[in-house]
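Colleague: Provided below: model-v1.cif, containing mmCIF, C-alpha atoms and all ligand atoms.
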data_data
loop_
_atom_site.group_PDB
_atom_site.id
_atom_site.type_symbol
_atom_site.label_atom_id
_atom_site.label_comp_id
_atom_site.auth_asym_id
_atom_site.auth_seq_id
_atom_site.Cartn_x
_atom_site.Cartn_y
_atom_site.Cartn_z
ATOM 1 C CA PRO A 343 -6.942 -21.576 -11.105
ATOM 2 C CA THR A 344 -10.016 -19.399 -10.648
ATOM 3 C CA GLU A 345 -12.026 -18.804 -7.486
ATOM 4 C CA LYS A 346 -15.114 -16.636 -6.889
ATOM 5 C CA GLY A 347 -13.988 -13.262 -5.547
ATOM 6 C CA TRP A 348 -15.329 -10.837 -2.953
ATOM 7 C CA VAL A 349 -16.917 -8.291 -5.202
ATOM 8 C CA ALA A 350 -18.631 -9.118 -8.496
ATOM 9 C CA ASN A 351 -15.516 -10.674 -9.845
ATOM 10 C CA HIS A 352 -13.458 -13.783 -10.051
ATOM 11 C CA PHE A 353 -9.997 -14.357 -8.686
ATOM 12 C CA HIS A 354 -7.252 -15.798 -10.856
ATOM 13 C CA GLN A 355 -3.988 -17.158 -9.582
ATOM 14 C CA TYR A 356 -0.978 -15.860 -11.481
ATOM 15 C CA GLN A 357 2.663 -16.351 -10.489
ATOM 16 C CA GLY A 358 1.438 -17.696 -7.157
ATOM 17 C CA PHE A 359 -0.830 -14.739 -6.241
ATOM 18 C CA TRP A 360 -4.552 -14.006 -6.542
ATOM 19 C CA HIS A 361 -5.902 -11.196 -8.720
ATOM 20 C CA THR A 362 -9.274 -10.024 -9.947
ATOM 21 C CA THR A 363 -9.806 -10.169 -13.690
ATOM 22 C CA ARG A 364 -9.268 -6.405 -14.102
ATOM 23 C CA GLN A 365 -6.177 -6.387 -11.951
ATOM 24 C CA LEU A 366 -4.693 -9.260 -13.867
ATOM 25 C CA GLN A 367 -5.253 -7.373 -17.124
ATOM 26 C CA GLY A 368 -3.435 -4.361 -15.662
ATOM 27 C CA LEU A 369 -0.627 -6.535 -14.312
ATOM 28 C CA LEU A 370 -0.008 -8.224 -17.670
ATOM 29 C CA ALA A 371 -0.036 -4.937 -19.608
ATOM 30 C CA CYS A 372 2.259 -3.376 -17.047
ATOM 31 C CA GLN A 373 4.694 -6.307 -17.235
ATOM 32 C CA LYS A 374 4.714 -6.015 -21.013
ATOM 33 C CA HIS A 375 4.908 -2.265 -21.527
ATOM 34 C CA PHE A 376 6.167 -0.420 -18.462
ATOM 35 C CA GLN A 377 9.722 0.861 -18.556
ATOM 36 C CA ALA A 378 11.269 1.720 -15.216
ATOM 37 C CA GLU A 379 13.906 4.450 -15.085
ATOM 38 C CA ASP A 380 16.923 4.963 -12.894
ATOM 39 C CA GLY A 381 15.930 7.038 -9.880
ATOM 40 C CA ASP A 382 12.286 5.853 -9.806
ATOM 41 C CA ILE A 383 10.783 5.199 -6.386
ATOM 42 C CA TYR A 384 8.194 2.417 -5.971
ATOM 43 C CA LEU A 385 5.891 2.341 -2.962
ATOM 44 C CA VAL A 386 4.824 -1.257 -2.479
ATOM 45 C CA THR A 387 2.052 -2.494 -0.190
ATOM 46 C CA THR A 388 -0.543 -5.174 0.191
ATOM 47 C CA PRO A 389 -4.025 -3.608 0.047
ATOM 48 C CA LYS A 390 -5.033 -1.864 3.293
ATOM 49 C CA SER A 391 -1.531 -1.691 4.751
ATOM 50 C CA GLY A 392 -1.495 2.118 4.665
ATOM 51 C CA SER A 393 -0.760 2.772 0.971
ATOM 52 C CA THR A 394 -2.650 6.084 0.990
ATOM 53 C CA TRP A 395 -0.685 7.308 3.993
ATOM 54 C CA LEU A 396 2.634 6.193 2.505
ATOM 55 C CA LYS A 397 1.850 7.916 -0.794
ATOM 56 C CA ALA A 398 1.109 11.185 0.982
ATOM 57 C CA MET A 399 4.246 11.006 3.132
ATOM 58 C CA MET A 400 6.572 10.035 0.309
ATOM 59 C CA PHE A 401 5.191 12.717 -1.996
ATOM 60 C CA ALA A 402 5.594 15.352 0.715
ATOM 61 C CA LEU A 403 9.077 14.081 1.604
ATOM 62 C CA VAL A 404 10.529 13.748 -1.879
ATOM 63 C CA HIS A 405 9.041 16.967 -3.280
ATOM 64 C CA ARG A 406 9.427 19.114 -0.151
ATOM 65 C CA VAL A 407 11.753 21.618 -1.817
ATOM 66 C CA SER A 408 9.225 22.271 -4.590
ATOM 67 C CA PHE A 409 6.371 22.741 -2.111
ATOM 68 C CA PRO A 410 7.785 24.426 0.993
ATOM 69 C CA ASP A 411 4.510 26.043 2.126
ATOM 70 C CA PRO A 412 2.235 23.491 3.885
ATOM 71 C CA LYS A 413 -0.712 25.869 3.335
ATOM 72 C CA GLN A 414 -0.293 25.660 -0.443
ATOM 73 C CA HIS A 415 0.577 21.987 -0.634
ATOM 74 C CA PRO A 416 -0.771 19.796 -3.504
ATOM 75 C CA LEU A 417 -1.970 17.277 -0.902
ATOM 76 C CA LEU A 418 -4.563 19.801 0.254
ATOM 77 C CA THR A 419 -6.278 19.724 -3.115
ATOM 78 C CA ASN A 420 -5.315 16.326 -4.567
ATOM 79 C CA ASN A 421 -6.093 12.853 -3.320
ATOM 80 C CA PRO A 422 -2.811 10.984 -2.579
ATOM 81 C CA HIS A 423 -3.732 8.348 -5.189
ATOM 82 C CA ALA A 424 -3.876 11.071 -7.849
ATOM 83 C CA LEU A 425 -0.364 12.248 -6.937
ATOM 84 C CA VAL A 426 1.123 8.742 -6.792
ATOM 85 C CA PRO A 427 -0.821 6.410 -9.081
ATOM 86 C CA PHE A 428 -1.061 2.635 -8.794
ATOM 87 C CA LEU A 429 1.064 1.400 -11.672
ATOM 88 C CA GLU A 430 -0.968 -1.690 -12.544
ATOM 89 C CA HIS A 431 -4.306 0.154 -12.238
ATOM 90 C CA GLU A 432 -3.125 2.759 -14.718
ATOM 91 C CA TYR A 433 -2.493 0.052 -17.279
ATOM 92 C CA ILE A 434 -5.976 -1.461 -17.128
ATOM 93 C CA GLY A 435 -7.278 -1.304 -20.698
ATOM 94 C CA LYS A 436 -4.214 0.607 -21.928
ATOM 95 C CA GLU A 437 -0.877 -0.210 -23.510
ATOM 96 C CA PHE A 438 0.938 3.091 -23.390
ATOM 97 C CA LEU A 439 0.904 5.682 -20.666
ATOM 98 C CA ASP A 440 2.205 9.213 -20.794
ATOM 99 C CA PHE A 441 4.570 9.899 -17.909
ATOM 100 C CA THR A 442 6.009 13.119 -19.328
ATOM 101 C CA ASN A 443 4.303 15.256 -16.668
ATOM 102 C CA PHE A 444 5.969 13.346 -13.843
ATOM 103 C CA THR A 445 8.612 15.306 -11.981
ATOM 104 C CA PHE A 446 11.873 13.600 -11.045
ATOM 105 C CA PRO A 447 12.114 11.361 -9.097
ATOM 106 C CA ARG A 448 9.075 9.530 -10.427
ATOM 107 C CA LEU A 449 6.926 8.078 -7.649
ATOM 108 C CA PHE A 450 4.754 5.051 -8.388
ATOM 109 C CA SER A 451 2.850 2.729 -6.146
ATOM 110 C CA THR A 452 1.981 -0.893 -6.649
ATOM 111 C CA HIS A 453 0.473 -3.902 -4.906
ATOM 112 C CA LEU A 454 2.326 -6.306 -7.203
ATOM 113 C CA PRO A 455 4.217 -9.108 -5.481
ATOM 114 C CA LEU A 456 7.980 -9.104 -5.999
ATOM 115 C CA VAL A 457 7.818 -11.953 -8.492
ATOM 116 C CA SER A 458 5.380 -10.010 -10.726
ATOM 117 C CA LEU A 459 7.175 -6.662 -10.916
ATOM 118 C CA PRO A 460 7.971 -5.583 -14.491
ATOM 119 C CA LYS A 461 11.498 -6.766 -15.374
ATOM 120 C CA SER A 462 12.805 -3.254 -15.894
ATOM 121 C CA VAL A 463 12.096 -2.421 -12.226
ATOM 122 C CA ASN A 464 14.622 -5.069 -11.270
ATOM 123 C CA SER A 465 17.188 -4.104 -13.861
ATOM 124 C CA SER A 466 17.084 -0.338 -13.267
ATOM 125 C CA ASN A 467 18.673 1.635 -10.492
ATOM 126 C CA CYS A 468 15.515 2.410 -8.546
ATOM 127 C CA LYS A 469 14.399 2.137 -4.923
ATOM 128 C CA LEU A 470 11.481 0.326 -3.333
ATOM 129 C CA VAL A 471 9.740 1.190 -0.092
ATOM 130 C CA TYR A 472 7.664 -1.705 1.209
ATOM 131 C CA LEU A 473 5.038 -0.953 3.857
ATOM 132 C CA CYS A 474 3.258 -3.847 5.553
ATOM 133 C CA ARG A 475 0.820 -4.186 8.424
ATOM 134 C CA ASN A 476 -0.080 -6.975 10.799
ATOM 135 C CA PRO A 477 -2.390 -9.418 8.994
ATOM 136 C CA LYS A 478 -5.228 -9.171 11.529
ATOM 137 C CA ASP A 479 -5.702 -5.416 11.077
ATOM 138 C CA THR A 480 -5.007 -5.686 7.351
ATOM 139 C CA PHE A 481 -7.722 -8.314 7.026
ATOM 140 C CA VAL A 482 -10.295 -6.324 9.016
ATOM 141 C CA SER A 483 -9.524 -3.183 7.030
ATOM 142 C CA LEU A 484 -9.845 -5.146 3.778
ATOM 143 C CA TRP A 485 -13.134 -6.695 4.856
ATOM 144 C CA HIS A 486 -14.597 -3.245 5.548
ATOM 145 C CA PHE A 487 -13.208 -1.880 2.307
ATOM 146 C CA THR A 488 -14.585 -4.637 0.090
ATOM 147 C CA ASN A 489 -17.975 -4.314 1.793
ATOM 148 C CA LYS A 490 -17.997 -0.642 0.861
ATOM 149 C CA LEU A 491 -17.343 -1.561 -2.772
ATOM 150 C CA ARG A 492 -20.334 -3.897 -2.972
ATOM 151 C CA PRO A 493 -23.682 -2.606 -4.224
ATOM 152 C CA GLU A 494 -25.816 -1.711 -1.171
ATOM 153 C CA ASN A 495 -28.540 -4.272 -1.855
ATOM 154 C CA TRP A 496 -25.984 -7.107 -1.788
ATOM 155 C CA GLY A 497 -25.339 -6.738 1.927
ATOM 156 C CA ALA A 498 -21.972 -7.313 3.600
ATOM 157 C CA ASN A 499 -19.567 -10.173 2.874
ATOM 158 C CA SER A 500 -19.669 -12.830 5.533
ATOM 159 C CA LEU A 501 -16.821 -12.157 7.947
ATOM 160 C CA GLU A 502 -16.277 -15.880 8.578
ATOM 161 C CA GLU A 503 -16.180 -16.855 4.905
ATOM 162 C CA THR A 504 -13.905 -13.959 3.986
ATOM 163 C CA PHE A 505 -11.628 -14.776 6.923
ATOM 164 C CA ASP A 506 -11.411 -18.382 5.833
ATOM 165 C CA LYS A 507 -10.405 -17.336 2.316
ATOM 166 C CA PHE A 508 -7.820 -14.864 3.590
ATOM 167 C CA CYS A 509 -6.292 -17.579 5.767
ATOM 168 C CA ARG A 510 -6.121 -19.864 2.722
ATOM 169 C CA GLY A 511 -4.306 -17.097 0.858
ATOM 170 C CA VAL A 512 -7.260 -16.137 -1.336
ATOM 171 C CA SER A 513 -7.398 -12.352 -1.021
ATOM 172 C CA LEU A 514 -6.484 -9.385 -3.228
ATOM 173 C CA TYR A 515 -2.801 -9.919 -4.107
ATOM 174 C CA GLY A 516 -2.699 -12.740 -1.565
ATOM 175 C CA PRO A 517 -1.403 -14.940 -0.049
ATOM 176 C CA PHE A 518 -0.708 -12.013 2.261
ATOM 177 C CA TRP A 519 2.220 -13.796 3.979
ATOM 178 C CA ASP A 520 3.985 -14.709 0.720
ATOM 179 C CA HIS A 521 3.708 -11.097 -0.460
ATOM 180 C CA VAL A 522 5.340 -9.776 2.705
ATOM 181 C CA LEU A 523 7.992 -12.501 2.831
ATOM 182 C CA GLY A 524 9.083 -11.853 -0.752
ATOM 183 C CA TYR A 525 9.896 -8.220 -0.018
ATOM 184 C CA TRP A 526 11.262 -8.985 3.455
ATOM 185 C CA LYS A 527 13.880 -11.344 1.987
ATOM 186 C CA GLU A 528 14.670 -8.873 -0.776
ATOM 187 C CA SER A 529 15.169 -6.111 1.820
ATOM 188 C CA LEU A 530 17.698 -8.314 3.642
ATOM 189 C CA GLU A 531 19.584 -9.209 0.478
ATOM 190 C CA ARG A 532 19.444 -5.782 -1.162
ATOM 191 C CA SER A 533 19.115 -3.323 1.679
ATOM 192 C CA GLN A 534 20.287 -0.368 -0.433
ATOM 193 C CA ARG A 535 17.392 -1.028 -2.764
ATOM 194 C CA VAL A 536 14.461 -2.130 -0.596
ATOM 195 C CA PHE A 537 13.328 -0.396 2.586
ATOM 196 C CA PHE A 538 11.041 -2.529 4.748
ATOM 197 C CA LEU A 539 8.624 -0.669 7.019
ATOM 198 C CA ARG A 540 5.749 -1.675 9.271
ATOM 199 C CA TYR A 541 2.554 0.385 9.662
ATOM 200 C CA GLU A 542 2.719 -0.142 13.419
ATOM 201 C CA GLU A 543 6.252 1.232 13.810
ATOM 202 C CA MET A 544 5.379 4.225 11.637
ATOM 203 C CA LYS A 545 2.379 4.919 13.891
ATOM 204 C CA ASN A 546 4.493 4.566 17.054
ATOM 205 C CA GLU A 547 7.568 6.529 16.034
ATOM 206 C CA PRO A 548 6.734 8.440 12.879
ATOM 207 C CA LYS A 549 9.540 10.957 13.142
ATOM 208 C CA ILE A 550 12.271 8.347 13.480
ATOM 209 C CA HIS A 551 11.039 6.381 10.473
ATOM 210 C CA LEU A 552 10.437 9.431 8.292
ATOM 211 C CA ARG A 553 14.031 10.442 8.981
ATOM 212 C CA ARG A 554 15.246 6.910 8.105
ATOM 213 C CA LEU A 555 13.210 7.015 4.891
ATOM 214 C CA SER A 556 14.706 10.366 3.918
ATOM 215 C CA GLU A 557 18.191 8.902 4.376
ATOM 216 C CA PHE A 558 17.356 5.757 2.421
ATOM 217 C CA LEU A 559 15.983 7.821 -0.472
ATOM 218 C CA GLY A 560 19.062 10.026 -0.498
ATOM 219 C CA CYS A 561 17.271 13.207 0.561
ATOM 220 C CA PRO A 562 18.102 13.516 4.267
ATOM 221 C CA PHE A 563 16.746 16.408 6.318
ATOM 222 C CA SER A 564 19.295 19.162 6.874
ATOM 223 C CA LEU A 565 19.906 20.535 10.354
ATOM 224 C CA GLU A 566 18.081 23.678 9.304
ATOM 225 C CA GLU A 567 15.041 21.652 8.211
ATOM 226 C CA GLU A 568 15.126 19.705 11.470
ATOM 227 C CA ASN A 569 15.271 22.950 13.475
ATOM 228 C CA ASN A 570 12.496 24.522 11.419
ATOM 229 C CA GLY A 571 10.156 21.606 12.148
ATOM 230 C CA VAL A 572 9.878 20.370 8.542
ATOM 231 C CA LEU A 573 9.487 16.732 9.680
ATOM 232 C CA ASP A 574 6.629 17.672 11.996
ATOM 233 C CA GLU A 575 4.962 19.642 9.215
ATOM 234 C CA ILE A 576 5.049 16.648 6.862
ATOM 235 C CA LEU A 577 3.696 14.291 9.535
ATOM 236 C CA GLU A 578 0.939 16.725 10.442
ATOM 237 C CA LEU A 579 0.004 17.255 6.792
ATOM 238 C CA CYS A 580 -0.195 13.471 6.252
ATOM 239 C CA SER A 581 -1.859 12.552 9.541
ATOM 240 C CA PHE A 582 -5.082 10.550 9.440
ATOM 241 C CA GLU A 583 -6.935 13.436 11.071
ATOM 242 C CA ASN A 584 -5.763 15.950 8.507
ATOM 243 C CA LEU A 585 -6.070 13.850 5.341
ATOM 244 C CA SER A 586 -9.423 12.300 6.223
ATOM 245 C CA ASN A 587 -10.944 15.727 6.880
ATOM 246 C CA LEU A 588 -9.856 17.325 3.628
ATOM 247 C CA GLU A 589 -12.682 17.978 1.217
ATOM 248 C CA VAL A 590 -10.759 16.389 -1.669
ATOM 249 C CA ASN A 591 -10.606 13.089 0.234
ATOM 250 C CA LYS A 592 -14.278 13.119 1.225
ATOM 251 C CA ILE A 593 -15.599 13.417 -2.310
ATOM 252 C CA GLY A 594 -14.743 11.898 -5.675
ATOM 253 C CA MET A 595 -13.310 8.547 -6.609
ATOM 254 C CA LEU A 596 -10.323 6.877 -8.226
ATOM 255 C CA PRO A 597 -10.462 6.165 -11.977
ATOM 256 C CA SER A 598 -10.986 2.516 -10.953
ATOM 257 C CA GLY A 599 -14.228 3.472 -9.151
ATOM 258 C CA GLU A 600 -13.282 3.294 -5.455
ATOM 259 C CA LYS A 601 -14.518 6.300 -3.492
ATOM 260 C CA HIS A 602 -11.740 8.429 -1.975
ATOM 261 C CA GLU A 603 -13.449 8.333 1.423
ATOM 262 C CA ALA A 604 -13.219 4.514 1.490
ATOM 263 C CA PHE A 605 -9.451 4.793 2.049
ATOM 264 C CA PHE A 606 -9.941 6.433 5.443
ATOM 265 C CA ARG A 607 -11.668 4.476 8.183
ATOM 266 C CA ARG A 608 -10.021 4.468 11.652
ATOM 267 C CA GLY A 609 -6.294 4.454 10.994
ATOM 268 C CA GLU A 610 -5.446 2.699 14.262
ATOM 269 C CA VAL A 611 -3.407 -0.282 15.392
ATOM 270 C CA GLY A 612 -5.297 -3.235 16.890
ATOM 271 C CA ASP A 613 -8.806 -2.572 15.543
ATOM 272 C CA SER A 614 -9.057 -6.255 14.571
ATOM 273 C CA MET A 615 -9.735 -7.019 18.262
ATOM 274 C CA ASN A 616 -13.112 -5.315 17.828
ATOM 275 C CA PHE A 617 -14.175 -7.612 14.991
ATOM 276 C CA LEU A 618 -12.423 -10.978 15.223
ATOM 277 C CA THR A 619 -13.178 -13.650 17.816
ATOM 278 C CA ALA A 620 -10.452 -14.971 20.126
ATOM 279 C CA GLU A 621 -10.279 -18.116 17.952
ATOM 280 C CA MET A 622 -9.843 -16.078 14.781
ATOM 281 C CA LEU A 623 -7.111 -13.959 16.335
ATOM 282 C CA GLU A 624 -5.346 -17.071 17.536
ATOM 283 C CA LYS A 625 -5.653 -18.789 14.164
ATOM 284 C CA MET A 626 -4.208 -15.794 12.343
ATOM 285 C CA ASP A 627 -1.309 -15.591 14.817
ATOM 286 C CA MET A 628 -0.612 -19.269 14.321
ATOM 287 C CA ILE A 629 -0.534 -18.967 10.527
ATOM 288 C CA THR A 630 1.769 -15.956 10.765
ATOM 289 C CA GLU A 631 4.106 -17.809 13.082
ATOM 290 C CA GLN A 632 4.219 -20.844 10.797
ATOM 291 C CA LYS A 633 4.680 -18.846 7.602
ATOM 292 C CA PHE A 634 7.377 -16.578 8.991
ATOM 293 C CA HIS A 635 9.184 -19.308 10.901
ATOM 294 C CA GLY A 636 12.930 -19.008 10.400
ATOM 295 C CA SER A 637 12.687 -15.762 8.417
ATOM 296 C CA GLY A 638 13.391 -13.436 11.336
ATOM 297 C CA LEU A 639 10.239 -11.490 10.443
ATOM 298 C CA LYS A 640 7.599 -10.643 13.040
ATOM 299 C CA LEU A 641 4.361 -8.751 12.470
HETATM 300 P P1 LIG B 701 -8.319 1.025 8.697
HETATM 301 O O1 LIG B 701 -9.342 0.411 7.798
HETATM 302 O O2 LIG B 701 -7.781 0.058 9.710
HETATM 303 O O3 LIG B 701 -8.769 2.301 9.319
HETATM 304 P P2 LIG B 701 -4.673 1.588 2.144
HETATM 305 O O4 LIG B 701 -4.342 3.024 2.028
HETATM 306 O O5 LIG B 701 -3.509 0.690 1.868
HETATM 307 O O6 LIG B 701 -5.884 1.254 1.380
HETATM 308 O O7 LIG B 701 -4.962 1.304 3.691
HETATM 309 C C1 LIG B 701 -6.105 1.847 4.297
HETATM 310 C C2 LIG B 701 -5.893 1.809 5.798
HETATM 311 O O8 LIG B 701 -4.978 2.854 6.166
HETATM 312 C C3 LIG B 701 -7.186 2.117 6.532
HETATM 313 O O9 LIG B 701 -7.070 1.427 7.765
HETATM 314 C C4 LIG B 701 -7.101 3.615 6.684
HETATM 315 O O10 LIG B 701 -7.935 4.145 7.674
HETATM 316 C C5 LIG B 701 -5.630 3.774 7.041
HETATM 317 N N1 LIG B 701 -5.125 5.126 6.796
HETATM 318 C C6 LIG B 701 -5.459 5.967 5.785
HETATM 319 N N2 LIG B 701 -4.799 7.124 5.918
HETATM 320 C C7 LIG B 701 -4.032 7.029 7.008
HETATM 321 C C8 LIG B 701 -3.128 7.923 7.681
HETATM 322 N N3 LIG B 701 -2.921 9.128 7.221
HETATM 323 N N4 LIG B 701 -2.524 7.484 8.790
HETATM 324 C C9 LIG B 701 -2.745 6.240 9.274
HETATM 325 N N5 LIG B 701 -3.598 5.358 8.699
HETATM 326 C C10 LIG B 701 -4.236 5.743 7.574
#
What's the structure tokens form of this structure?
Modeller:
Amino acid sequence: PTEKGWVANHFHQYQGFWHTTRQLQGLLACQKHFQAEDGDIYLVTTPKSGSTWLKAMMFALVHRVSFPDPKQHPLLTNNPHALVPFLEHEYIGKEFLDFTNFTFPRLFSTHLPLVSLPKSVNSSNCKLVYLCRNPKDTFVSLWHFTNKLRPENWGANSLEETFDKFCRGVSLYGPFWDHVLGYWKESLERSQRVFFLRYEEMKNEPKIHLRRLSEFLGCPFSLEEENNGVLDEILELCSFENLSNLEVNKIGMLPSGEKHEAFFRRGEVGDSMNFLTAEMLEKMDMITEQKFHGSGLKL
């Protein structure tokens, strides 16, 4: 099925999820050609759940021995999306990609739903970190983001119409709830392989969750690192305040055309209250409750 999308594009439903034409091309090429390797780490998110933040933190965490000086860190001069590319975006219009410059462990990010991951990701010995965010804030962040992508003379997308589509599951990589549930169930069944994290808990207790992530990825912080404040350094380096004020994140754009600055807006929990009506908030809560009923998942 095809449905008119939010930008100048159409949405296509594939394996139960909605994609723009370009994204679907990338997805199919990626499914066909990408070869996962043992030890790879995949950062999985729905759009606007904090992918940029997760990329920065995971890069800093995993490669901390190679880059011990926070004043010389690659994140100061590279946008997080350049350090950890979106797998399916890289494949748009291409069949073969050169990953020889990637240092071990290879870090990739993706918005692909579980069902659409390339087969080799499932058959290899790799780890997945899934970051999700409550649907109300995710939706509001996505609405702002897609408005920024539209040509200026088009004006903003209607909030009501976009909300209605999101609730019906028609959004980038939506239905949002199915995406989250897929990885939630996988994290319960294969907890050594999938780490499930919420944006809100990372905001509330970043140190605890960064420590848990380091243990999950098999690179726990030593006592010496703990005493030397390495965790705090990583969190400070990757904070919204720091990243959003770096020159490299204020200028330039991704190869896919999105401006770097569009990935930094407010970075707060609960901003949806400033944009959605009481009815909208209630409707979204009701859908979430229905969709997650019996799963043990709460957002
Ligand atoms: P808001 O629009 O609510 O501000 P993604 O990276 O998946 O596209 O998600 C973007 C959202 O994450 C935006 O949310 C953005 O401001 C927020 N964000 C970006 N960097 C962040 C950081 N370092 N810490 C917390 N939130 C961040």
Colleague: Would you tabulate, counting all atoms listed in the file, all residues of chain A that have an atom at most 8 Å from an atom of ligand LIG 701 (chain B), showing the closest pair of atoms and their distance in Å to one decimal, sorted by chain then ascending number, as JSON lines?
Modeller:
{"residue": "A:Thr387", "atom": "CA", "partner": "B:LIG701", "partner_atom": "O5", "distance": 6.7}
{"residue": "A:Thr388", "atom": "CA", "partner": "B:LIG701", "partner_atom": "O5", "distance": 6.8}
{"residue": "A:Pro389", "atom": "CA", "partner": "B:LIG701", "partner_atom": "O5", "distance": 4.7}
{"residue": "A:Lys390", "atom": "CA", "partner": "B:LIG701", "partner_atom": "O7", "distance": 3.2}
{"residue": "A:Ser391", "atom": "CA", "partner": "B:LIG701", "partner_atom": "O5", "distance": 4.2}
{"residue": "A:Gly392", "atom": "CA", "partner": "B:LIG701", "partner_atom": "O7", "distance": 3.7}
{"residue": "A:Ser393", "atom": "CA", "partner": "B:LIG701", "partner_atom": "O5", "distance": 3.6}
{"residue": "A:Thr394", "atom": "CA", "partner": "B:LIG701", "partner_atom": "O4", "distance": 3.6}
{"residue": "A:Trp395", "atom": "CA", "partner": "B:LIG701", "partner_atom": "N3", "distance": 4.3}
{"residue": "A:Leu396", "atom": "CA", "partner": "B:LIG701", "partner_atom": "O4", "distance": 7.7}
{"residue": "A:Ala398", "atom": "CA", "partner": "B:LIG701", "partner_atom": "N3", "distance": 7.7}
{"residue": "A:Asp479", "atom": "CA", "partner": "B:LIG701", "partner_atom": "O2", "distance": 6.0}
{"residue": "A:Thr480", "atom": "CA", "partner": "B:LIG701", "partner_atom": "O2", "distance": 6.8}
{"residue": "A:Val482", "atom": "CA", "partner": "B:LIG701", "partner_atom": "O2", "distance": 6.9}
{"residue": "A:Ser483", "atom": "CA", "partner": "B:LIG701", "partner_atom": "O1", "distance": 3.7}
{"residue": "A:Leu484", "atom": "CA", "partner": "B:LIG701", "partner_atom": "O1", "distance": 6.9}
{"residue": "A:His486", "atom": "CA", "partner": "B:LIG701", "partner_atom": "O1", "distance": 6.8}
{"residue": "A:Phe487", "atom": "CA", "partner": "B:LIG701", "partner_atom": "O1", "distance": 7.1}
{"residue": "A:Tyr541", "atom": "CA", "partner": "B:LIG701", "partner_atom": "C9", "distance": 7.9}
{"residue": "A:Lys545", "atom": "CA", "partner": "B:LIG701", "partner_atom": "C9", "distance": 7.0}
{"residue": "A:Cys580", "atom": "CA", "partner": "B:LIG701", "partner_atom": "N3", "distance": 5.2}
{"residue": "A:Ser581", "atom": "CA", "partner": "B:LIG701", "partner_atom": "N3", "distance": 4.3}
{"residue": "A:Phe582", "atom": "CA", "partner": "B:LIG701", "partner_atom": "N3", "distance": 3.4}
{"residue": "A:Glu583", "atom": "CA", "partner": "B:LIG701", "partner_atom": "N3", "distance": 7.0}
{"residue": "A:Asn584", "atom": "CA", "partner": "B:LIG701", "partner_atom": "N3", "distance": 7.5}
{"residue": "A:Leu585", "atom": "CA", "partner": "B:LIG701", "partner_atom": "N3", "distance": 6.0}
{"residue": "A:Ser586", "atom": "CA", "partner": "B:LIG701", "partner_atom": "N2", "distance": 6.9}
{"residue": "A:Phe605", "atom": "CA", "partner": "B:LIG701", "partner_atom": "C1", "distance": 5.0}
{"residue": "A:Phe606", "atom": "CA", "partner": "B:LIG701", "partner_atom": "O10", "distance": 3.8}
{"residue": "A:Arg607", "atom": "CA", "partner": "B:LIG701", "partner_atom": "O10", "distance": 3.8}
{"residue": "A:Arg608", "atom": "CA", "partner": "B:LIG701", "partner_atom": "O3", "distance": 3.4}
{"residue": "A:Gly609", "atom": "CA", "partner": "B:LIG701", "partner_atom": "N5", "distance": 3.7}
{"residue": "A:Glu610", "atom": "CA", "partner": "B:LIG701", "partner_atom": "O2", "distance": 5.8}
{"residue": "A:Val611", "atom": "CA", "partner": "B:LIG701", "partner_atom": "O2", "distance": 7.2}
{"residue": "A:Asp613", "atom": "CA", "partner": "B:LIG701", "partner_atom": "O2", "distance": 6.5}
Colleague: Restricted to C-alpha atoms, what would the selected residues look like written as a compact mmCIF listing (two decimals), in the frame of the given file?
Modeller:
# COMPACT_ATOMS: atom_id res chain seq x y z
CA THR A 387 2.05 -2.49 -0.19
CA THR A 388 -0.54 -5.17 0.19
CA PRO A 389 -4.03 -3.61 0.05
CA LYS A 390 -5.03 -1.86 3.29
CA SER A 391 -1.53 -1.69 4.75
CA GLY A 392 -1.50 2.12 4.66
CA SER A 393 -0.76 2.77 0.97
CA THR A 394 -2.65 6.08 0.99
CA TRP A 395 -0.68 7.31 3.99
CA LEU A 396 2.63 6.19 2.50
CA ALA A 398 1.11 11.18 0.98
CA ASP A 479 -5.70 -5.42 11.08
CA THR A 480 -5.01 -5.69 7.35
CA VAL A 482 -10.30 -6.32 9.02
CA SER A 483 -9.52 -3.18 7.03
CA LEU A 484 -9.85 -5.15 3.78
CA HIS A 486 -14.60 -3.24 5.55
CA PHE A 487 -13.21 -1.88 2.31
CA TYR A 541 2.55 0.38 9.66
CA LYS A 545 2.38 4.92 13.89
CA CYS A 580 -0.20 13.47 6.25
CA SER A 581 -1.86 12.55 9.54
CA PHE A 582 -5.08 10.55 9.44
CA GLU A 583 -6.94 13.44 11.07
CA ASN A 584 -5.76 15.95 8.51
CA LEU A 585 -6.07 13.85 5.34
CA SER A 586 -9.42 12.30 6.22
CA PHE A 605 -9.45 4.79 2.05
CA PHE A 606 -9.94 6.43 5.44
CA ARG A 607 -11.67 4.48 8.18
CA ARG A 608 -10.02 4.47 11.65
CA GLY A 609 -6.29 4.45 10.99
CA GLU A 610 -5.45 2.70 14.26
CA VAL A 611 -3.41 -0.28 15.39
CA ASP A 613 -8.81 -2.57 15.54
Colleague: Find the residue from A:His423, A:Arg448, A:Lys640, A:His635 that sits nearest to Val590 in chain A; use all atoms listed in the file when measuring.
Modeller: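 Looking at the shortest contact to Val590 in chain A, the residue is A:His423.
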Colleague: What is the distance, in Å and to one decimal place, between CA of Gln367 in chain A and CA of Gly435 in chain A?
Modeller: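 Going from CA of Gln367 in chain A over to CA of Gly435 in chain A covers 7.3 Å.
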Colleague: Can you spell out as JSON, numbers by chain the set of residues that the PyMOL selection byres (((chain A and resi 355) around 12) and not hetatm) selects in the structure I just provided?
Modeller: {"A": [343, 344, 345, 346, 347, 352, 353, 354, 356, 357, 358, 359, 360, 361, 362, 363, 365, 366, 458, 511, 512, 513, 514, 515, 516, 517]}
